[in-house]
file structure10.txt (compact mmCIF, C-alpha atoms)
# COMPACT_ATOMS: atom_id res chain seq x y z
CA MET A 299 99.58 181.76 167.87
CA LYS A 300 98.19 181.52 164.35
CA THR A 301 98.71 178.21 162.60
CA THR A 302 97.91 177.29 159.01
CA ILE A 303 95.73 174.20 158.74
CA THR A 304 94.36 172.31 155.76
CA LEU A 305 90.74 171.24 155.61
CA ASN A 306 89.04 169.41 152.79
CA VAL A 307 85.68 171.15 152.77
CA ASN A 308 83.08 169.52 150.55
CA GLY A 309 85.79 168.07 148.32
CA GLU A 310 87.87 171.23 148.05
CA GLU A 311 91.25 171.63 149.75
CA ARG A 312 91.28 174.81 151.80
CA GLU A 313 94.20 176.35 153.68
CA VAL A 314 93.21 178.62 156.51
CA ASP A 315 94.98 180.45 159.35
CA VAL A 316 93.47 179.68 162.75
CA GLU A 317 94.06 180.39 166.41
CA PRO A 318 93.98 177.29 168.65
CA SER A 319 90.84 178.70 170.27
CA ASP A 320 88.89 178.97 166.98
CA THR A 321 86.13 176.38 166.77
CA LEU A 322 85.52 174.45 163.57
CA LEU A 323 82.05 176.04 163.43
CA ASP A 324 83.42 179.59 163.48
CA VAL A 325 86.15 178.80 160.94
CA LEU A 326 83.68 177.19 158.54
CA ARG A 327 81.28 180.12 158.74
CA ALA A 328 83.57 183.14 159.08
CA LYS A 329 86.78 182.12 157.31
CA ILE A 330 85.64 179.60 154.72
CA GLY A 331 82.18 181.03 154.05
CA VAL A 332 80.20 177.82 154.51
CA LYS A 333 77.04 179.00 156.26
CA SER A 334 74.84 175.91 156.59
CA PRO A 335 76.19 174.83 160.01
CA LYS A 336 74.24 177.10 162.35
CA VAL A 337 75.31 178.77 165.57
CA GLY A 338 72.75 177.54 168.06
CA CYS A 339 73.34 176.59 171.67
CA GLU A 340 77.16 176.32 171.36
CA ARG A 341 77.10 173.60 174.02
CA GLY A 342 76.53 170.52 171.90
CA ASP A 343 72.87 170.25 172.85
CA CYS A 344 70.95 171.43 169.78
CA GLY A 345 72.74 169.78 166.85
CA SER A 346 72.30 172.73 164.49
CA CYS A 347 76.09 172.99 163.94
CA THR A 348 76.39 169.31 162.92
CA VAL A 349 78.90 168.55 160.15
CA LEU A 350 80.44 165.27 158.99
CA LEU A 351 84.11 165.06 159.95
CA ASP A 352 85.80 162.23 158.07
CA GLY A 353 82.32 160.79 157.56
CA LYS A 354 81.15 160.98 161.17
CA SER A 355 78.69 163.53 162.50
CA VAL A 356 80.21 165.89 165.05
CA ARG A 357 79.18 169.07 166.82
CA SER A 358 81.36 171.65 165.06
CA CYS A 359 80.88 173.98 168.05
CA LEU A 360 82.71 171.44 170.24
CA VAL A 361 85.60 170.78 167.85
CA LEU A 362 88.56 173.13 167.61
CA ALA A 363 89.45 173.83 163.98
CA ILE A 364 93.08 172.96 164.70
CA GLU A 365 92.01 169.45 165.79
CA ALA A 366 90.52 168.89 162.33
CA ASP A 367 93.76 169.73 160.48
CA GLY A 368 94.11 167.37 157.52
CA GLN A 369 90.56 166.03 157.80
CA GLY A 370 87.54 166.15 155.53
CA VAL A 371 84.43 168.16 156.32
CA ILE A 372 81.07 167.65 154.62
CA THR A 373 78.20 170.09 155.04
CA VAL A 374 74.89 170.19 153.17
CA GLU A 375 76.53 172.44 150.57
CA GLY A 376 78.61 169.36 149.74
CA LEU A 377 75.57 167.09 149.49
CA ALA A 378 73.79 169.52 147.16
CA ARG A 379 76.57 170.21 144.68
CA ASP A 380 74.49 169.00 141.74
CA GLY A 381 71.16 170.17 143.10
CA ALA A 382 69.34 168.66 146.05
CA ASN A 383 70.14 165.00 146.63
CA GLU A 384 67.55 162.25 147.07
CA LEU A 385 67.32 162.72 150.81
CA GLN A 386 66.84 166.46 150.49
CA GLU A 387 64.19 165.87 147.82
CA ALA A 388 62.42 163.50 150.20
CA PHE A 389 62.51 166.21 152.89
CA VAL A 390 60.86 168.61 150.42
CA GLU A 391 58.22 166.06 149.47
CA THR A 392 57.10 165.44 153.05
CA ASN A 393 57.42 169.09 154.06
CA ALA A 394 60.15 168.19 156.55
CA PHE A 395 61.79 171.61 156.16
CA GLN A 396 59.88 174.16 158.15
CA CYS A 397 61.86 177.20 159.29
CA GLY A 398 64.94 175.34 158.09
CA PHE A 399 67.28 176.22 160.94
CA CYS A 400 67.82 172.65 162.11
CA ALA A 401 67.60 171.14 158.63
CA PRO A 402 71.31 171.12 157.66
CA GLY A 403 72.20 169.28 160.85
CA THR A 404 69.25 166.93 160.61
CA VAL A 405 69.99 166.04 156.97
CA LEU A 406 73.62 165.25 157.87
CA SER A 407 72.63 163.09 160.85
CA VAL A 408 70.26 161.10 158.65
CA SER A 409 72.90 160.87 155.90
CA GLU A 410 75.30 159.30 158.38
CA LEU A 411 72.64 156.80 159.43
CA LEU A 412 71.77 155.84 155.84
CA ALA A 413 75.45 155.36 154.94
CA LYS A 414 75.68 152.73 157.71
CA ASN A 415 72.17 151.36 157.53
CA PRO A 416 70.28 151.83 154.22
CA SER A 417 67.02 150.48 155.62
CA PRO A 418 66.54 151.86 159.14
CA THR A 419 63.52 151.25 161.35
CA VAL A 420 61.43 154.14 162.69
CA GLU A 421 63.20 153.72 166.05
CA GLU A 422 66.62 153.93 164.39
CA ILE A 423 65.62 157.04 162.44
CA LYS A 424 64.35 158.68 165.62
CA GLU A 425 67.53 157.81 167.46
CA SER A 426 69.68 159.25 164.66
CA ILE A 427 67.96 162.65 164.92
CA SER A 428 67.52 162.59 168.70
CA GLY A 429 70.38 165.08 169.03
CA ASN A 430 68.93 167.53 166.48
CA LEU A 431 66.39 169.80 168.10
CA CYS A 432 63.63 171.11 165.84
CA ARG A 433 61.74 173.93 167.55
CA CYS A 434 59.05 173.85 164.89
CA THR A 435 58.65 170.33 166.33
CA GLY A 436 58.47 168.86 162.85
CA TYR A 437 59.92 165.49 163.72
CA GLU A 438 57.21 163.33 162.16
CA PRO A 439 57.70 164.63 158.58
CA ILE A 440 61.46 164.01 158.95
CA VAL A 441 60.87 160.37 159.86
CA GLU A 442 58.38 160.16 157.01
CA ALA A 443 60.91 161.62 154.57
CA VAL A 444 63.41 158.91 155.43
CA LEU A 445 60.78 156.16 155.18
CA THR A 446 59.67 157.49 151.79
CA LEU A 447 63.26 157.43 150.56
CA THR A 448 63.97 153.92 151.80
CA GLY A 449 60.76 152.62 150.24
CA LYS A 450 59.11 151.77 153.54
CA GLY A 451 56.23 154.12 152.77
CA THR A 452 54.69 156.45 155.25
CA LYS A 453 54.25 155.53 158.91
CA MET B 241 80.35 183.17 171.61
CA PRO B 242 84.02 182.65 170.77
CA ILE B 243 86.49 181.17 173.23
CA ALA B 244 88.11 184.24 174.80
CA HIS B 245 90.96 182.52 176.60
CA GLU B 246 94.12 182.02 174.53
CA PHE B 247 96.22 178.89 174.69
CA ASP B 248 98.76 176.91 172.69
CA TYR B 249 98.01 173.60 171.04
CA VAL B 250 100.30 170.62 170.61
CA LYS B 251 99.65 167.16 169.23
CA PRO B 252 102.42 164.84 170.44
CA ALA B 253 103.27 161.71 168.46
CA SER B 254 104.19 159.57 171.47
CA LEU B 255 103.07 159.06 175.05
CA GLU B 256 106.60 159.92 176.27
CA GLU B 257 106.44 163.24 174.46
CA ALA B 258 102.97 163.92 175.84
CA VAL B 259 103.89 163.31 179.49
CA ALA B 260 107.08 165.36 179.06
CA ILE B 261 105.02 168.33 177.90
CA LEU B 262 102.64 167.92 180.86
CA ALA B 263 105.61 167.86 183.23
CA GLU B 264 107.31 170.88 181.68
CA ARG B 265 104.39 173.22 181.06
CA PRO B 266 102.35 174.37 184.05
CA GLY B 267 98.69 174.72 183.14
CA ALA B 268 98.84 172.08 180.42
CA GLN B 269 95.57 170.26 179.83
CA VAL B 270 94.96 166.96 178.03
CA LEU B 271 92.45 167.07 175.16
CA ALA B 272 90.74 163.93 173.82
CA GLY B 273 87.17 164.17 172.47
CA GLY B 274 86.70 167.69 173.80
CA THR B 275 82.93 167.47 174.17
CA ASP B 276 83.16 168.65 177.77
CA LEU B 277 86.43 170.55 177.51
CA VAL B 278 85.51 172.88 174.63
CA GLY B 279 82.38 173.95 176.53
CA TRP B 280 84.46 174.51 179.64
CA LEU B 281 86.91 176.66 177.64
CA ARG B 282 84.01 178.75 176.37
CA ASP B 283 82.68 179.12 179.94
CA GLU B 284 86.22 179.93 181.20
CA PHE B 285 85.80 177.14 183.72
CA VAL B 286 89.28 175.99 182.63
CA GLU B 287 92.05 178.28 181.40
CA PRO B 288 94.92 176.09 180.23
CA SER B 289 98.27 177.36 178.96
CA VAL B 290 98.44 174.61 176.37
CA LEU B 291 96.14 171.86 175.14
CA VAL B 292 97.87 168.52 174.65
CA ASP B 293 95.81 166.70 172.03
CA ILE B 294 96.33 162.97 172.60
CA LYS B 295 94.38 161.85 169.53
CA GLY B 296 97.65 161.16 167.71
CA LEU B 297 98.65 158.48 170.24
CA ASP B 298 97.66 155.32 168.39
CA GLY B 299 98.45 153.08 171.37
CA LEU B 300 95.50 154.52 173.27
CA HIS B 301 92.92 153.18 170.80
CA GLY B 302 91.00 149.97 170.97
CA ILE B 303 88.97 147.52 173.03
CA GLU B 304 90.41 144.12 173.93
CA PHE B 305 89.29 141.13 175.92
CA ALA B 306 91.82 138.59 177.18
CA ASP B 307 92.06 136.36 180.27
CA GLY B 308 88.81 137.69 181.66
CA ILE B 309 89.95 141.31 181.46
CA LEU B 310 88.31 143.90 179.25
CA SER B 311 90.63 146.79 178.31
CA ILE B 312 89.31 150.07 176.96
CA GLY B 313 91.90 152.49 175.58
CA SER B 314 91.58 156.16 176.43
CA LEU B 315 90.68 157.20 172.90
CA THR B 316 87.74 154.77 172.67
CA THR B 317 84.64 156.79 171.81
CA PHE B 318 81.14 155.89 172.97
CA THR B 319 80.31 155.03 169.35
CA GLU B 320 83.21 152.55 169.26
CA LEU B 321 82.06 151.17 172.63
CA ILE B 322 78.51 150.44 171.52
CA GLU B 323 79.55 149.12 168.10
CA SER B 324 82.07 146.70 169.64
CA GLU B 325 81.12 143.02 169.38
CA THR B 326 83.54 142.33 172.24
CA VAL B 327 81.60 144.69 174.49
CA ARG B 328 78.22 143.33 173.35
CA SER B 329 79.21 139.77 174.14
CA HIS B 330 81.31 140.18 177.29
CA ALA B 331 80.11 143.37 178.97
CA PRO B 332 76.70 144.28 177.56
CA LEU B 333 76.13 146.61 180.53
CA LEU B 334 78.65 148.97 178.93
CA TYR B 335 76.67 148.78 175.69
CA GLU B 336 73.44 149.53 177.54
CA MET B 337 75.04 152.50 179.27
CA GLY B 338 76.73 153.80 176.10
CA ARG B 339 73.45 153.78 174.21
CA THR B 340 72.04 156.32 176.69
CA VAL B 341 74.88 158.82 176.27
CA ALA B 342 73.67 161.91 174.41
CA SER B 343 73.34 161.24 170.67
CA THR B 344 75.47 160.05 167.77
CA GLY B 345 77.10 163.44 167.14
CA ILE B 346 78.46 163.47 170.70
CA ARG B 347 79.17 159.72 170.92
CA ASN B 348 81.34 159.93 167.79
CA ARG B 349 83.68 162.23 169.65
CA ALA B 350 83.25 161.77 173.42
CA THR B 351 85.44 159.10 175.01
CA VAL B 352 84.57 156.71 177.83
CA VAL B 353 87.73 157.68 179.70
CA GLY B 354 87.09 161.39 179.10
CA ASN B 355 83.69 160.87 180.71
CA ILE B 356 85.30 159.83 184.02
CA CYS B 357 88.11 162.40 183.68
CA SER B 358 85.57 165.24 183.43
CA ALA B 359 83.99 163.62 186.50
CA VAL B 360 80.68 165.42 186.18
CA PRO B 361 78.42 163.85 188.88
CA CYS B 362 75.98 162.60 186.23
CA CYS B 363 78.64 160.93 184.05
CA ASP B 364 77.17 157.70 182.70
CA ALA B 365 80.42 155.71 182.70
CA GLY B 366 80.99 156.33 186.43
CA PRO B 367 78.36 154.05 188.02
CA VAL B 368 79.02 151.29 185.47
CA LEU B 369 82.78 151.28 186.04
CA LEU B 370 82.12 151.37 189.80
CA VAL B 371 80.00 148.21 189.82
CA TYR B 372 82.76 146.41 187.91
CA ASP B 373 85.52 147.73 190.20
CA ALA B 374 87.39 149.04 187.15
CA ILE B 375 91.06 149.96 187.30
CA VAL B 376 92.24 153.29 185.84
CA HIS B 377 95.69 153.23 184.22
CA ALA B 378 97.67 156.48 184.31
CA THR B 379 101.11 157.47 183.10
CA GLY B 380 103.29 160.40 184.12
CA ILE B 381 106.95 161.32 183.86
CA ALA B 382 107.65 158.97 186.82
CA GLY B 383 106.04 156.00 185.06
CA ALA B 384 102.77 154.11 184.94
CA ARG B 385 100.46 153.31 187.85
CA THR B 386 96.96 152.04 188.50
CA ILE B 387 94.12 153.63 190.47
CA PRO B 388 91.03 151.69 191.64
CA ILE B 389 87.88 153.41 190.37
CA ARG B 390 86.57 153.62 193.94
CA GLU B 391 89.41 156.04 194.73
CA TRP B 392 89.11 157.92 191.45
CA PHE B 393 86.30 160.44 192.05
CA VAL B 394 86.97 163.00 194.79
CA GLY B 395 84.35 165.67 194.10
CA ASN B 396 82.24 167.45 191.53
CA LYS B 397 84.43 167.49 188.36
CA ARG B 398 87.42 166.41 190.46
CA THR B 399 89.49 163.24 190.36
CA VAL B 400 92.69 162.03 192.06
CA LEU B 401 94.59 162.42 188.78
CA PRO B 402 97.35 165.04 189.07
CA PRO B 403 97.63 167.47 186.13
CA ASP B 404 100.88 165.93 184.90
CA GLU B 405 99.46 162.45 184.28
CA ILE B 406 97.56 160.98 181.33
CA VAL B 407 95.00 158.20 181.62
CA THR B 408 95.92 155.54 179.09
CA GLY B 409 92.87 153.35 179.61
CA VAL B 410 90.62 151.44 181.99
CA THR B 411 90.48 147.72 182.61
CA ILE B 412 87.67 145.63 184.02
CA ARG B 413 88.01 142.10 185.39
CA LEU B 414 84.68 140.64 184.38
CA PRO B 415 83.03 138.12 186.70
CA MET B 416 84.10 134.61 185.59
CA CYS B 417 80.63 133.23 186.18
CA GLY B 418 77.49 134.27 184.35
CA HIS B 419 76.22 137.56 185.65
CA GLY B 420 73.39 139.89 184.79
CA ALA B 421 73.41 143.67 184.82
CA ALA B 422 71.29 146.71 184.09
CA TYR B 423 71.70 150.48 183.69
CA VAL B 424 68.68 152.63 184.43
CA LYS B 425 68.92 156.29 183.46
CA LEU B 426 66.35 158.95 184.17
CA GLY B 427 66.33 161.92 181.79
CA ARG B 428 63.94 164.45 180.37
CA TYR B 429 64.29 163.46 176.75
CA ARG B 430 66.44 161.19 174.60
CA GLY B 431 69.16 162.99 172.74
CA GLU B 432 71.47 165.30 174.57
CA ASP B 433 70.04 165.16 178.03
CA LEU B 434 72.27 164.44 181.00
CA ALA B 435 71.09 162.02 183.65
CA GLN B 436 68.74 163.34 186.32
CA ALA B 437 69.62 160.18 188.18
CA SER B 438 71.08 156.81 187.23
CA VAL B 439 71.69 153.40 188.75
CA ALA B 440 73.91 150.53 187.64
CA VAL B 441 73.30 147.03 189.00
CA VAL B 442 75.28 143.80 188.63
CA SER B 443 73.74 140.55 189.84
CA LEU B 444 76.08 137.60 190.45
CA PRO B 445 75.39 133.90 191.01
CA GLY B 446 74.94 133.16 194.72
CA ASN B 447 72.79 136.29 195.05
CA ALA B 448 75.55 138.85 195.34
CA TYR B 449 74.87 142.34 194.05
CA ARG B 450 76.91 145.37 193.02
CA ILE B 451 75.07 148.70 192.91
CA ALA B 452 76.13 152.28 192.10
CA PHE B 453 74.27 155.55 191.64
CA GLY B 454 75.00 158.59 189.47
CA ALA B 455 73.82 162.21 189.58
CA VAL B 456 72.66 161.97 193.19
CA ALA B 457 75.83 163.08 195.01
CA ALA B 458 78.98 165.07 194.22
CA THR B 459 80.45 161.92 192.69
CA PRO B 460 79.07 158.62 191.41
CA VAL B 461 78.69 156.38 194.49
CA ARG B 462 78.79 152.65 195.28
CA ALA B 463 75.85 151.63 197.47
CA GLN B 464 77.60 149.26 199.87
CA ARG B 465 74.89 149.25 202.53
CA ILE B 466 72.32 148.15 199.97
CA GLU B 467 74.73 145.53 198.63
CA ALA B 468 75.22 144.23 202.20
CA VAL B 469 71.51 143.99 202.99
CA LEU B 470 70.93 142.03 199.77
CA GLU B 471 73.97 139.75 200.07
CA GLY B 472 72.95 136.11 199.74
CA ARG B 473 69.23 136.91 199.45
CA GLU B 474 66.86 135.90 196.70
CA LEU B 475 65.36 139.02 195.16
CA ASP B 476 61.88 138.60 196.66
CA GLN B 477 59.62 141.52 197.56
CA SER B 478 61.00 141.85 201.10
CA ALA B 479 64.57 142.04 199.76
CA VAL B 480 63.52 144.66 197.21
CA ASP B 481 61.77 146.68 199.93
CA ALA B 482 64.81 146.48 202.22
CA ALA B 483 67.02 147.73 199.38
CA LYS B 484 64.66 150.57 198.51
CA GLY B 485 64.44 151.60 202.16
CA LEU B 486 68.19 152.22 202.25
CA VAL B 487 68.29 154.53 199.21
CA PRO B 488 68.08 157.74 201.32
CA GLU B 489 71.15 156.61 203.26
CA GLU B 490 73.20 156.05 200.12
CA THR B 491 72.29 159.14 198.13
CA SER B 492 72.05 162.88 198.71
CA PRO B 493 70.37 164.38 195.66
CA ILE B 494 70.09 168.13 195.20
CA THR B 495 67.78 170.39 193.22
CA ASP B 496 69.32 171.69 190.01
CA VAL B 497 68.23 172.74 186.51
CA ARG B 498 67.47 169.16 185.49
CA ALA B 499 65.34 167.96 188.41
CA SER B 500 64.25 168.75 191.93
CA GLN B 501 65.59 166.92 194.96
CA GLU B 502 62.09 165.61 195.71
CA TYR B 503 61.67 164.17 192.21
CA ARG B 504 65.04 162.43 192.38
CA GLU B 505 64.22 161.03 195.84
CA LEU B 506 60.90 159.73 194.54
CA MET B 507 62.34 158.11 191.43
CA LEU B 508 65.50 156.51 192.81
CA PRO B 509 63.86 153.57 194.63
CA ILE B 510 61.72 152.85 191.56
CA MET B 511 64.80 152.87 189.34
CA LEU B 512 66.67 150.64 191.80
CA GLU B 513 63.85 148.09 191.83
CA ARG B 514 63.67 147.97 188.03
CA GLY B 515 67.46 147.68 187.77
CA LEU B 516 67.63 144.89 190.35
CA ARG B 517 64.80 142.91 188.75
CA ALA B 518 66.26 143.27 185.25
CA ALA B 519 69.78 142.34 186.37
CA VAL B 520 68.56 139.21 188.17
CA ALA B 521 66.35 138.16 185.24
CA ARG B 522 69.25 138.60 182.83
CA ARG B 523 71.57 136.63 185.12
CA ASP B 524 69.04 133.80 184.92
CA GLY B 525 68.93 134.00 181.12
CA GLU B 526 65.67 135.90 180.98
CA GLY B 527 64.74 139.55 181.06
CA PRO B 528 64.73 142.21 178.38
CA GLU B 529 67.59 142.43 175.90
CA TYR B 530 70.44 144.82 176.67
CA GLY B 531 69.77 148.30 175.36
CA THR B 532 66.21 148.35 176.69
CA ARG B 533 65.06 151.51 178.45
CA PHE B 534 63.57 150.90 181.86
CA ILE B 535 62.10 154.32 182.53
call {"tool": "encode", "arguments": {"input": "structure10.txt", "output": "structure tokens"}}
result
Amino acid sequence: MKTTITLNVNGEEREVDVEPSDTLLDVLRAKIGVKSPKVGCERGDCGSCTVLLDGKSVRSCLVLAIEADGQGVITVEGLARDGANELQEAFVETNAFQCGFCAPGTVLSVSELLAKNPSPTVEEIKESISGNLCRCTGYEPIVEAVLTLTGKGTK
Amino acid sequence: MPIAHEFDYVKPASLEEAVAILAERPGAQVLAGGTDLVGWLRDEFVEPSVLVDIKGLDGLHGIEFADGILSIGSLTTFTELIESETVRSHAPLLYEMGRTVASTGIRNRATVVGNICSAVPCCDAGPVLLVYDAIVHATGIAGARTIPIREWFVGNKRTVLPPDEIVTGVTIRLPMCGHGAAYVKLGRYRGEDLAQASVAVVSLPGNAYRIAFGAVAATPVRAQRIEAVLEGRELDQSAVDAAKGLVPEETSPITDVRASQEYRELMLPIMLERGLRAAVARRDGEGPEYGTRFI
């Protein structure tokens, strides 16, 4: 049975009709038109569908849209409203974007880490992205991007 | 791939309302974090008539420690578990275990109780709750009751919980005296990987031991024969060897997508030895800090 839910997507209130079986990922992409969360494994393994739900990273493929009724969703479109943010700029600088498929999820995972811990260690950075699979295997430049941003230099 | 099966969704505001729905609607299924359940819906492994989302039940939140008993509400996520100072100071084994569960994006959503309700053989919470003889608290239309964790798991993805009951939390009576513990998890990579095998060890003063394995049988298992052979013994090499020699009697690993039977059989005694040595060292105020990886 269709139900109308309200989501705050990147600061904008959106009303959308959903079936209970619609995932947050599918609603964001198909009904709201936010395309940065990617459809990857759809089992919670790859992290490419990561979004922030009320500030916490979640797998949007494992959340039903109806569960998120009344909550706030942030995707990279929300981070980049006034052009790329500092973290995204740091990713560019260190060439941490390769094919780009995993990048939206990775950027959000690191954003969550930095909000809690502005000066993470290499280990903490690696742990924060351990659930974001990069098949270009470009993990080192991602760690480097974060270290550049936090002023810890490279390596 | 969208979820093909259709179902209703309700989000009750009270536990009474929730159990009434479970009693009235055949095929109702409780939803908490959903990190297992949504995948199972997609796979059509479960086909509920209605999902009863319990995330609105505020009474099921929170971690408390009083009179030697640690209580973990059903809605406690793994992130809340590992960020809890109460857990770090009173039951750091739970912290060590929680740190190995998938990654932040899953831990923010997955609940400790959901982990034992899904009852996947490799569930990380299973062996740890087993070595602490945890008590599961469930409520149905007939009232509340408790279930010892040793009676909880009955098969692969199966528990004793009937479909019309909700788990409200688990409690653990922590040993009054100083104890040491360790959780050793074998996986292919850090991140999302499920355990290929796991072992939880508690070491008590007086050389008593509590040991449980995960991912090496249809359910997490307590290793009572190993506990018995070690009872009262210092953990010298002959005790370690006796314990390792009993591993094949306590476990029955299979070959699956994550590891072969032979690999699991090879690694289990090594994991047991490392877990035993770390637990004893920690009991004696030494050993690596909790959260260390042993393999």
call {"tool": "closest_atom_pairs", "arguments": {"input": "structure10.txt", "of": "chain B", "to": "chain A", "cutoff": "9 Å", "atoms": "all atoms listed in the file", "output": "CSV"}}
result
residue,atom,partner,partner_atom,distance
B:Met241,CA,A:Glu340,CA,7.6
B:Pro242,CA,A:Asp320,CA,7.2
B:Ile243,CA,A:Ser319,CA,5.8
B:Ala244,CA,A:Ser319,CA,7.7
B:His245,CA,A:Ser319,CA,7.4
B:Glu246,CA,A:Ser319,CA,6.3
B:Phe247,CA,A:Pro318,CA,6.6
B:Asp248,CA,A:Pro318,CA,6.3
B:Tyr249,CA,A:Pro318,CA,6.0
B:Lys251,CA,A:Glu365,CA,8.7
B:Gly273,CA,A:Val361,CA,8.2
B:Gly274,CA,A:Leu360,CA,6.5
B:Thr275,CA,A:Leu360,CA,5.6
B:Asp276,CA,A:Leu360,CA,8.0
B:Leu277,CA,A:Leu360,CA,8.2
B:Val278,CA,A:Leu360,CA,5.4
B:Gly279,CA,A:Arg341,CA,5.9
B:Leu281,CA,A:Ser319,CA,8.6
B:Arg282,CA,A:Glu340,CA,8.8
B:Leu291,CA,A:Pro318,CA,8.7
B:Asp293,CA,A:Glu365,CA,7.8
B:Lys295,CA,A:Glu365,CA,8.8
B:Ala342,CA,A:Gly429,CA,7.1
B:Ser343,CA,A:Gly429,CA,5.1
B:Thr344,CA,A:Ser426,CA,6.6
B:Gly345,CA,A:Val356,CA,4.5
B:Ile346,CA,A:Val356,CA,6.4
B:Arg347,CA,A:Val356,CA,8.6
B:Asn348,CA,A:Val356,CA,6.7
B:Arg349,CA,A:Val356,CA,6.8
B:Tyr429,CA,A:Ser428,CA,8.7
B:Arg430,CA,A:Ser428,CA,6.2
B:Gly431,CA,A:Ser428,CA,4.4
B:Glu432,CA,A:Asp343,CA,5.4
B:Asp433,CA,A:Asp343,CA,7.8
call {"tool": "residues_near_point", "arguments": {"input": "structure10.txt", "point": "(65.1, 151.9, 158.2)", "cutoff": "10 Å", "atoms": "only C-alpha atoms", "output": "ChimeraX atom specification"}}
result
/A:411-412,415-423,441,444-445,447-450
call {"tool": "atom_distance", "arguments": {"input": "structure10.txt", "atom1": "atom CA of Val352 of chain B", "atom2": "atom CA of Ile312 of chain B"}}
result
8.2 Å
call {"tool": "residues_around", "arguments": {"input": "structure10.txt", "residues": "segment 324-336 of chain B", "least_positions_apart": "4", "cutoff": "9 Å", "atoms": "only C-alpha atoms", "output": "number ranges by chain"}}
result
B: 303-305, 310, 318-320, 340, 365, 368-369, 414, 420-424, 440-442, 530-533
call {"tool": "atom_distance", "arguments": {"input": "structure10.txt", "atom1": "atom CA of Leu255 of chain B", "atom2": "atom CA of Ile303 of chain A"}}
result
23.4 Å
call {"tool": "decode", "arguments": {"input": "structure10.txt", "residues": "segment 410-425 of chain A", "atoms": "N, CA and C atoms", "output": "mmCIF file, in the first residue's frame"}}
result
data_model
loop_
_atom_site.group_PDB
_atom_site.id
_atom_site.type_symbol
_atom_site.label_atom_id
_atom_site.label_comp_id
_atom_site.auth_asym_id
_atom_site.auth_seq_id
_atom_site.Cartn_x
_atom_site.Cartn_y
_atom_site.Cartn_z
ATOM 1 N N GLU A 410 31.805 11.406 7.893
ATOM 2 C CA GLU A 410 31.279 10.991 9.204
ATOM 3 C C GLU A 410 32.422 10.878 10.215
ATOM 4 N N LEU A 411 33.531 10.288 9.770
ATOM 5 C CA LEU A 411 34.690 10.155 10.658
ATOM 6 C C LEU A 411 35.175 11.525 11.115
ATOM 7 N N LEU A 412 35.351 12.451 10.157
ATOM 8 C CA LEU A 412 35.921 13.760 10.483
ATOM 9 C C LEU A 412 34.994 14.580 11.388
ATOM 10 N N ALA A 413 33.679 14.345 11.268
ATOM 11 C CA ALA A 413 32.740 15.067 12.133
ATOM 12 C C ALA A 413 32.933 14.638 13.591
ATOM 13 N N LYS A 414 33.306 13.372 13.786
ATOM 14 C CA LYS A 414 33.504 12.844 15.147
ATOM 15 C C LYS A 414 34.924 13.064 15.623
ATOM 16 N N ASN A 415 35.862 12.982 14.682
ATOM 17 C CA ASN A 415 37.277 12.932 15.017
ATOM 18 C C ASN A 415 38.059 13.732 13.978
ATOM 19 N N PRO A 416 38.286 15.036 14.237
ATOM 20 C CA PRO A 416 38.887 15.912 13.224
ATOM 21 C C PRO A 416 40.343 15.581 12.900
ATOM 22 N N SER A 417 40.993 14.763 13.734
ATOM 23 C CA SER A 417 42.398 14.477 13.484
ATOM 24 C C SER A 417 42.680 12.970 13.578
ATOM 25 N N PRO A 418 42.101 12.199 12.659
ATOM 26 C CA PRO A 418 42.237 10.741 12.761
ATOM 27 C C PRO A 418 43.626 10.231 12.404
ATOM 28 N N THR A 419 43.963 9.065 12.972
ATOM 29 C CA THR A 419 45.209 8.396 12.606
ATOM 30 C C THR A 419 44.989 7.635 11.292
ATOM 31 N N VAL A 420 46.089 7.169 10.707
ATOM 32 C CA VAL A 420 45.991 6.378 9.473
ATOM 33 C C VAL A 420 45.090 5.164 9.708
ATOM 34 N N GLU A 421 45.274 4.496 10.859
ATOM 35 C CA GLU A 421 44.459 3.325 11.189
ATOM 36 C C GLU A 421 42.969 3.682 11.224
ATOM 37 N N GLU A 422 42.663 4.821 11.849
ATOM 38 C CA GLU A 422 41.261 5.237 11.968
ATOM 39 C C GLU A 422 40.675 5.590 10.598
ATOM 40 N N ILE A 423 41.475 6.185 9.743
ATOM 41 C CA ILE A 423 40.998 6.500 8.388
ATOM 42 C C ILE A 423 40.719 5.197 7.646
ATOM 43 N N LYS A 424 41.654 4.260 7.756
ATOM 44 C CA LYS A 424 41.478 2.980 7.054
ATOM 45 C C LYS A 424 40.241 2.250 7.556
ATOM 46 N N GLU A 425 40.038 2.303 8.885
ATOM 47 C CA GLU A 425 38.856 1.629 9.416
ATOM 48 C C GLU A 425 37.581 2.290 8.894
#
